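Source file: upload.cif; contents: mmCIF, C-alpha atoms.
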data_input
#
loop_
_atom_site.label_atom_id
_atom_site.label_comp_id
_atom_site.auth_asym_id
_atom_site.auth_seq_id
_atom_site.Cartn_x
_atom_site.Cartn_y
_atom_site.Cartn_z
CA MET N 1 165.07 84.94 138.69
CA ALA N 2 164.74 86.39 135.20
CA THR N 3 167.73 88.09 133.58
CA ARG N 4 167.27 91.60 132.22
CA PRO N 5 168.23 92.06 128.55
CA SER N 6 170.76 94.70 129.60
CA LYS N 7 172.20 92.38 132.33
CA ARG N 8 171.55 95.12 134.90
CA ALA N 9 170.53 94.34 138.47
CA PRO N 10 166.78 94.82 139.15
CA ASP N 11 167.47 98.07 141.05
CA GLU N 12 170.14 99.43 138.67
CA LEU N 13 169.69 102.54 136.54
CA ARG N 14 171.10 102.76 133.06
CA ASN N 15 174.20 104.93 132.72
CA VAL N 16 172.86 108.48 133.19
CA THR N 17 174.66 111.68 132.20
CA LEU N 18 173.54 115.32 132.38
CA GLU N 19 175.52 117.68 130.15
CA ARG N 20 174.81 121.38 130.66
CA ALA N 21 175.10 124.41 128.40
CA VAL N 22 174.90 122.48 125.13
CA ALA N 23 172.69 125.00 123.28
CA ARG N 24 174.48 128.29 122.68
CA TYR N 25 171.48 130.59 122.57
CA ALA N 26 169.19 129.10 125.24
CA GLU N 27 169.06 130.59 128.75
CA GLY N 28 169.42 127.04 130.05
CA SER N 29 170.08 123.70 128.37
CA CYS N 30 170.90 120.08 129.15
CA LEU N 31 171.59 116.99 127.05
CA VAL N 32 170.36 114.11 129.18
CA ARG N 33 171.24 110.50 128.45
CA PHE N 34 169.54 107.51 130.06
CA GLY N 35 171.54 104.77 128.38
CA GLU N 36 170.66 104.92 124.69
CA THR N 37 167.80 107.38 125.23
CA HIS N 38 169.08 110.91 124.54
CA VAL N 39 166.99 114.06 124.99
CA LEU N 40 167.99 117.68 124.39
CA CYS N 41 166.25 120.02 126.86
CA THR N 42 166.36 123.80 126.43
CA ALA N 43 164.82 126.55 128.55
CA SER N 44 163.77 129.79 126.87
CA LEU N 45 162.71 132.91 128.76
CA GLU N 46 159.87 134.97 127.32
CA GLU N 47 159.27 138.48 128.69
CA ARG N 48 155.54 138.00 128.84
CA ALA N 49 153.11 135.76 130.65
CA PRO N 50 150.43 133.78 128.79
CA PRO N 51 147.45 136.03 127.95
CA TRP N 52 145.23 134.36 130.54
CA LEU N 53 147.75 135.23 133.30
CA ARG N 54 148.38 138.89 132.48
CA GLY N 55 147.91 141.31 135.33
CA GLN N 56 148.13 138.61 138.00
CA GLY N 57 151.77 139.25 138.91
CA ARG N 58 152.94 135.69 138.38
CA GLY N 59 154.54 133.71 135.61
CA TRP N 60 154.34 130.30 134.03
CA VAL N 61 156.48 127.30 133.14
CA THR N 62 155.37 125.17 130.22
CA ALA N 63 156.89 122.46 128.05
CA GLU N 64 156.89 121.16 124.50
CA TYR N 65 158.03 117.66 123.55
CA ALA N 66 158.91 116.15 120.20
CA MET N 67 160.64 113.11 118.81
CA LEU N 68 162.98 113.62 115.88
CA PRO N 69 162.16 111.46 112.82
CA ARG N 70 165.14 109.13 113.23
CA ALA N 71 165.06 108.91 117.01
CA THR N 72 163.54 105.49 116.36
CA LEU N 73 164.53 102.41 114.35
CA GLU N 74 162.27 103.43 111.51
CA ARG N 75 161.56 107.03 110.53
CA THR N 76 158.69 108.62 112.42
CA ARG N 77 156.72 111.22 110.51
CA ARG N 78 157.04 114.76 111.85
CA GLU N 79 153.85 115.75 113.63
CA VAL N 80 153.93 119.20 112.02
CA THR N 81 153.00 117.51 108.74
CA SER N 82 149.74 116.27 110.26
CA GLY N 83 148.89 119.73 111.56
CA LYS N 84 148.71 118.93 115.27
CA PRO N 85 150.59 117.02 117.99
CA SER N 86 149.46 113.49 118.74
CA GLY N 87 147.61 112.63 121.93
CA ARG N 88 150.78 110.99 123.28
CA THR N 89 152.83 114.12 122.65
CA GLN N 90 150.26 116.35 124.34
CA GLU N 91 150.13 114.04 127.34
CA ILE N 92 153.91 114.01 127.73
CA GLN N 93 154.43 117.76 127.39
CA ARG N 94 151.67 118.44 129.91
CA LEU N 95 153.31 115.98 132.29
CA ILE N 96 156.68 117.73 131.93
CA GLY N 97 155.10 121.14 132.53
CA ARG N 98 153.17 119.96 135.62
CA SER N 99 156.27 118.32 137.04
CA LEU N 100 158.36 121.48 136.75
CA ARG N 101 155.68 123.88 138.00
CA ALA N 102 155.38 121.78 141.15
CA VAL N 103 158.84 122.97 142.26
CA VAL N 104 158.76 126.59 141.02
CA ASP N 105 157.50 129.69 142.84
CA LEU N 106 155.62 131.23 139.93
CA GLN N 107 155.17 134.50 141.83
CA ALA N 108 158.94 134.92 142.02
CA ILE N 109 159.49 134.97 138.24
CA GLY N 110 157.01 137.79 137.68
CA GLU N 111 154.91 138.11 134.53
CA ARG N 112 157.19 135.99 132.37
CA GLN N 113 157.06 132.54 130.84
CA ILE N 114 159.75 129.89 130.67
CA VAL N 115 159.29 127.38 127.84
CA ILE N 116 161.09 124.06 128.11
CA ASP N 117 161.63 122.25 124.80
CA CYS N 118 162.41 118.55 125.06
CA ASP N 119 163.53 117.01 121.78
CA VAL N 120 164.22 113.28 121.68
CA LEU N 121 167.35 112.66 119.63
CA GLN N 122 167.37 108.91 120.22
CA ALA N 123 164.73 106.74 121.88
CA ASP N 124 165.28 103.50 123.79
CA GLY N 125 162.49 103.68 126.36
CA GLY N 126 161.84 106.21 129.13
CA THR N 127 161.90 109.35 126.99
CA ARG N 128 159.44 111.22 129.24
CA THR N 129 161.30 110.38 132.43
CA ALA N 130 164.64 111.39 130.91
CA ALA N 131 163.03 114.61 129.62
CA ILE N 132 161.75 115.59 133.07
CA THR N 133 165.10 114.86 134.71
CA GLY N 134 167.04 116.89 132.13
CA ALA N 135 164.43 119.64 131.95
CA TRP N 136 164.98 120.39 135.63
CA VAL N 137 168.66 121.13 134.92
CA ALA N 138 167.78 123.40 131.98
CA LEU N 139 165.21 125.20 134.13
CA HIS N 140 167.71 125.58 136.98
CA ASP N 141 170.19 127.24 134.66
CA CYS N 142 167.55 129.54 133.17
CA LEU N 143 166.56 130.69 136.65
CA ALA N 144 170.24 131.16 137.55
CA TRP N 145 170.60 133.30 134.40
CA MET N 146 167.66 135.40 135.59
CA GLN N 147 169.05 135.63 139.13
CA ALA N 148 172.37 136.92 137.80
CA ARG N 149 170.48 139.76 136.09
CA ALA N 150 168.39 140.65 139.17
CA MET N 151 165.21 139.51 137.42
CA LEU N 152 163.87 137.42 140.31
CA SER N 153 162.11 138.87 143.34
CA LYS N 154 163.20 135.88 145.45
CA LYS N 155 164.43 132.32 145.06
CA ALA N 156 162.18 130.66 142.50
CA LEU N 157 163.28 127.01 142.55
CA LYS N 158 161.91 125.21 145.59
CA ASP N 159 163.20 121.66 145.06
CA HIS N 160 164.58 119.14 142.62
CA VAL N 161 162.31 117.02 140.45
CA ALA N 162 163.26 113.86 138.59
CA ALA N 163 161.46 110.90 137.07
CA VAL N 164 162.08 107.24 136.36
CA SER N 165 160.22 104.27 134.95
CA CYS N 166 159.71 100.98 136.76
CA GLY N 167 157.98 97.82 135.70
CA ILE N 168 157.39 94.13 136.21
CA TYR N 169 159.44 92.21 133.67
CA GLN N 170 159.04 88.41 133.61
CA GLY N 171 157.60 88.57 137.11
CA MET N 172 160.45 90.73 138.47
CA PRO N 173 160.10 94.39 139.57
CA VAL N 174 162.83 96.38 137.77
CA LEU N 175 164.03 99.98 137.62
CA ASP N 176 164.47 102.18 134.53
CA LEU N 177 163.11 100.09 131.66
CA ASP N 178 164.77 100.25 128.27
CA TYR N 179 162.75 99.51 125.14
CA ALA N 180 163.45 95.76 125.18
CA GLU N 181 161.88 95.53 128.63
CA ASP N 182 159.21 98.17 128.20
CA SER N 183 157.81 96.55 125.07
CA THR N 184 157.26 93.19 126.82
CA ALA N 185 156.72 94.18 130.49
CA GLU N 186 153.63 92.87 132.27
CA THR N 187 153.33 96.19 134.11
CA ASP N 188 154.99 99.52 133.46
CA ALA N 189 154.87 102.71 135.48
CA ASN N 190 156.39 106.19 135.54
CA PHE N 191 157.11 107.99 138.80
CA VAL N 192 157.78 111.72 139.19
CA LEU N 193 159.11 112.73 142.60
CA THR N 194 160.67 115.79 144.20
CA GLY N 195 164.10 115.78 145.78
CA SER N 196 162.48 115.78 149.21
CA GLY N 197 160.45 112.70 148.31
CA GLY N 198 157.08 114.25 147.48
CA ILE N 199 155.04 112.48 144.81
CA ILE N 200 154.04 114.63 141.82
CA GLU N 201 152.67 111.95 139.54
CA VAL N 202 152.39 108.17 139.22
CA GLN N 203 151.36 106.56 135.94
CA GLY N 204 150.94 102.80 136.14
CA THR N 205 149.48 100.37 133.63
CA ALA N 206 148.96 96.61 133.61
CA GLU N 207 149.71 95.30 130.14
CA GLY N 208 148.49 91.81 131.06
CA ALA N 209 147.24 90.63 134.43
CA PRO N 210 146.39 93.36 136.98
CA PHE N 211 149.13 94.18 139.46
CA SER N 212 148.71 94.14 143.22
CA GLU N 213 149.06 96.89 145.80
CA ASP N 214 152.16 95.13 147.11
CA GLU N 215 153.71 95.18 143.63
CA LEU N 216 152.88 98.88 143.28
CA LEU N 217 154.63 99.61 146.57
CA ARG N 218 157.65 97.60 145.47
CA LEU N 219 157.82 99.66 142.28
CA LEU N 220 157.52 102.86 144.32
CA THR N 221 160.42 101.75 146.51
CA LEU N 222 162.54 101.09 143.42
CA ALA N 223 161.55 104.50 142.02
CA ARG N 224 162.45 106.32 145.24
CA ASN N 225 165.91 104.78 145.24
CA GLY N 226 166.42 105.53 141.55
CA ILE N 227 165.22 109.12 141.81
CA SER N 228 167.48 109.68 144.81
CA GLN N 229 170.41 108.76 142.55
CA LEU N 230 169.11 111.02 139.76
CA VAL N 231 168.79 113.96 142.15
CA ASP N 232 172.38 113.38 143.28
CA LEU N 233 173.43 113.53 139.61
CA GLN N 234 171.47 116.78 139.16
CA LYS N 235 173.23 118.27 142.18
CA GLN N 236 176.61 117.28 140.78
CA ALA N 237 175.73 118.70 137.37
CA VAL N 238 174.65 122.14 138.57
CA ALA N 239 177.55 122.37 141.01
CA SER N 240 180.14 121.94 138.25
#

Let me see whether you can do it: turn the structure in this file into structure tokens.
Amino acid sequence: MATRPSKRAPDELRNVTLERAVARYAEGSCLVRFGETHVLCTASLEERAPPWLRGQGRGWVTAEYAMLPRATLERTRREVTSGKPSGRTQEIQRLIGRSLRAVVDLQAIGERQIVIDCDVLQADGGTRTAAITGAWVALHDCLAWMQARAMLSKKALKDHVAAVSCGIYQGMPVLDLDYAEDSTAETDANFVLTGSGGIIEVQGTAEGAPFSEDELLRLLTLARNGISQLVDLQKQAVAS
């Protein structure tokens, strides 16, 4: 059996921490660490819905994602200097938004918008999965802030949501790829699941030979176990 660069077991997550209330002015915030991948997630409440939703009596949850210039080994140019976000950035922020909306009762928040900003401070693989996992905590705390001020008509958060990467590395299905594995994996996939086990999104790509249905199911099993652990960490974080 192949040995992972990190020496972790095939079904072992990196060390994951969720630190709340790290941004003084945000209604909710979380610094999430998946090993050496660190993402700052903040939730900001806006007292207006997007223009296309006005008058419908429901709100919206959206996300923006960015990687700081020195989150990577070599400086990455700020996307603002090119005038628009890259296709990768747009894909990731839409994924984060979809994942969070899947567990929010948008009617309950009224005609308001919650914007989740996910800024990658340091990247070592799995930035989108870390962002989703930390964004849920920031969103939870924003909704709790609203609840404390009687701004919600009813409970708005329906479930947990977390995400993790899996892949086939040197023929071995593994959980939570870091960059060393992700950059050479034969197959890599991202799974977004709810706390109750519902599937929100699966992104899977063969980098070399196609993968089989059996391998996909093995990756899903790894992801379910990993996300169960991440949800437990979310529960511990918001209970503290």

Length of the CA of Gly198 in chain N to CA of Ala156 in chain N vector [Å]
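It comes out at 17.9 Å.
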
When distances are computed from only C-alpha atoms, which of N:Gly35, N:Gly171, N:Pro51, N:Gly134 shows the smallest separation from Arg14 in chain N?
N:Gly35

If you take all atoms listed in the file and a cut-off of 12 Å, which residues of range 18-58 of chain N touch range 209-230 of chain N, and what are their nearest atom pairs and distances in Å to one decimal, in chain and number order, as a Markdown table?
| residue | atom | partner | partner_atom | distance |
| --- | --- | --- | --- | --- |
| N:Leu18 | CA | N:Leu230 | CA | 9.6 |
| N:Val32 | CA | N:Leu230 | CA | 11.1 |
| N:Arg33 | CA | N:Leu230 | CA | 11.5 |
| N:Phe34 | CA | N:Leu230 | CA | 10.3 |

On this structure, which residues satisfy the PyMOL selection byres ((chain N and resi 118) around 6), written as a list in words?
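In the shown coordinates, the PyMOL selection byres ((chain N and resi 118) around 6) covers Leu40, Cys41, Tyr65, Asp117 and Asp119 of chain N.
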
Using all atoms listed in the file, which residue out of N:Met146, N:Ile116, N:Val202, N:Leu152 lies closest to Gly97 in chain N?
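Closest candidate: N:Ile116.
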
Please write the residues picked by the PyMOL selection byres ((chain N and resi 115) around 7) on this file as a PDB file with C-alpha atoms, in the coordinates of the input.
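The resulting result33.pdb:
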ATOM      1  CA  ALA N  43     164.820 126.550 128.550  1.00  0.00           C
ATOM      2  CA  SER N  44     163.770 129.790 126.870  1.00  0.00           C
ATOM      3  CA  LEU N  45     162.710 132.910 128.760  1.00  0.00           C
ATOM      4  CA  VAL N  61     156.480 127.300 133.140  1.00  0.00           C
ATOM      5  CA  THR N  62     155.370 125.170 130.220  1.00  0.00           C
ATOM      6  CA  ALA N  63     156.890 122.460 128.050  1.00  0.00           C
ATOM      7  CA  GLN N 113     157.060 132.540 130.840  1.00  0.00           C
ATOM      8  CA  ILE N 114     159.750 129.890 130.670  1.00  0.00           C
ATOM      9  CA  ILE N 116     161.090 124.060 128.110  1.00  0.00           C
ATOM     10  CA  ASP N 117     161.630 122.250 124.800  1.00  0.00           C
TER      11      ASP N 117
END

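You can rank N:Lys235, N:Lys154, N:Ala108, N:Glu201 by their closest distance to Arg94 in chain N using all atoms listed in the file, and at the top of that list sits N:Glu201.
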
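Across the chains present, the PyMOL selection byres ((chain N and resi 237) around 12) applied to this file returns Val16, Thr17, Leu18, Glu19, Arg20, Ala21, Ser29, Cys30, Leu31, Val32, Thr133, Gly134, Trp136, Val137, Ala138, His140, Asp141, Leu230, Val231, Asp232, Leu233, Gln234, Lys235, Gln236, Val238, Ala239 and Ser240 of chain N.
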
Which residues are near Thr129 in chain N? Cut-off 10 Å, all atoms listed in the file, ignore same chain within fewer than 2 positions. Put them as an MDAnalysis selection string.
chainID N and resid 34 92 95:96 125:127 131:135 162:165 176 190:192

Go through N:Ile168, N:Val161, N:Val80, N:Cys142 one by one, measure the shortest atom-to-atom distance of each to Gly195 in chain N using only C-alpha atoms, and give the residue with the smallest value.
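For Gly195 in chain N, the nearest of the candidates is N:Val161.
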
Which one is closest to Thr42 in chain N: N:Pro5, N:Leu139, N:Arg128, N:Gly55? Count only C-alpha atoms.
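Answer, going by the shortest atom-to-atom distance: N:Leu139.
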
Using all atoms listed in the file, which of N:Asp178, N:Asp188, N:Glu27, N:Asp11 sits nearest Ala206 in chain N?
N:Asp188

For CA of Ala102 in chain N and CA of Gln203 in chain N, the interatomic separation in Å (one decimal)
16.6 Å

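Put simply, CA of Thr81 in chain N is 17.6 Å away from CA of Val120 in chain N.
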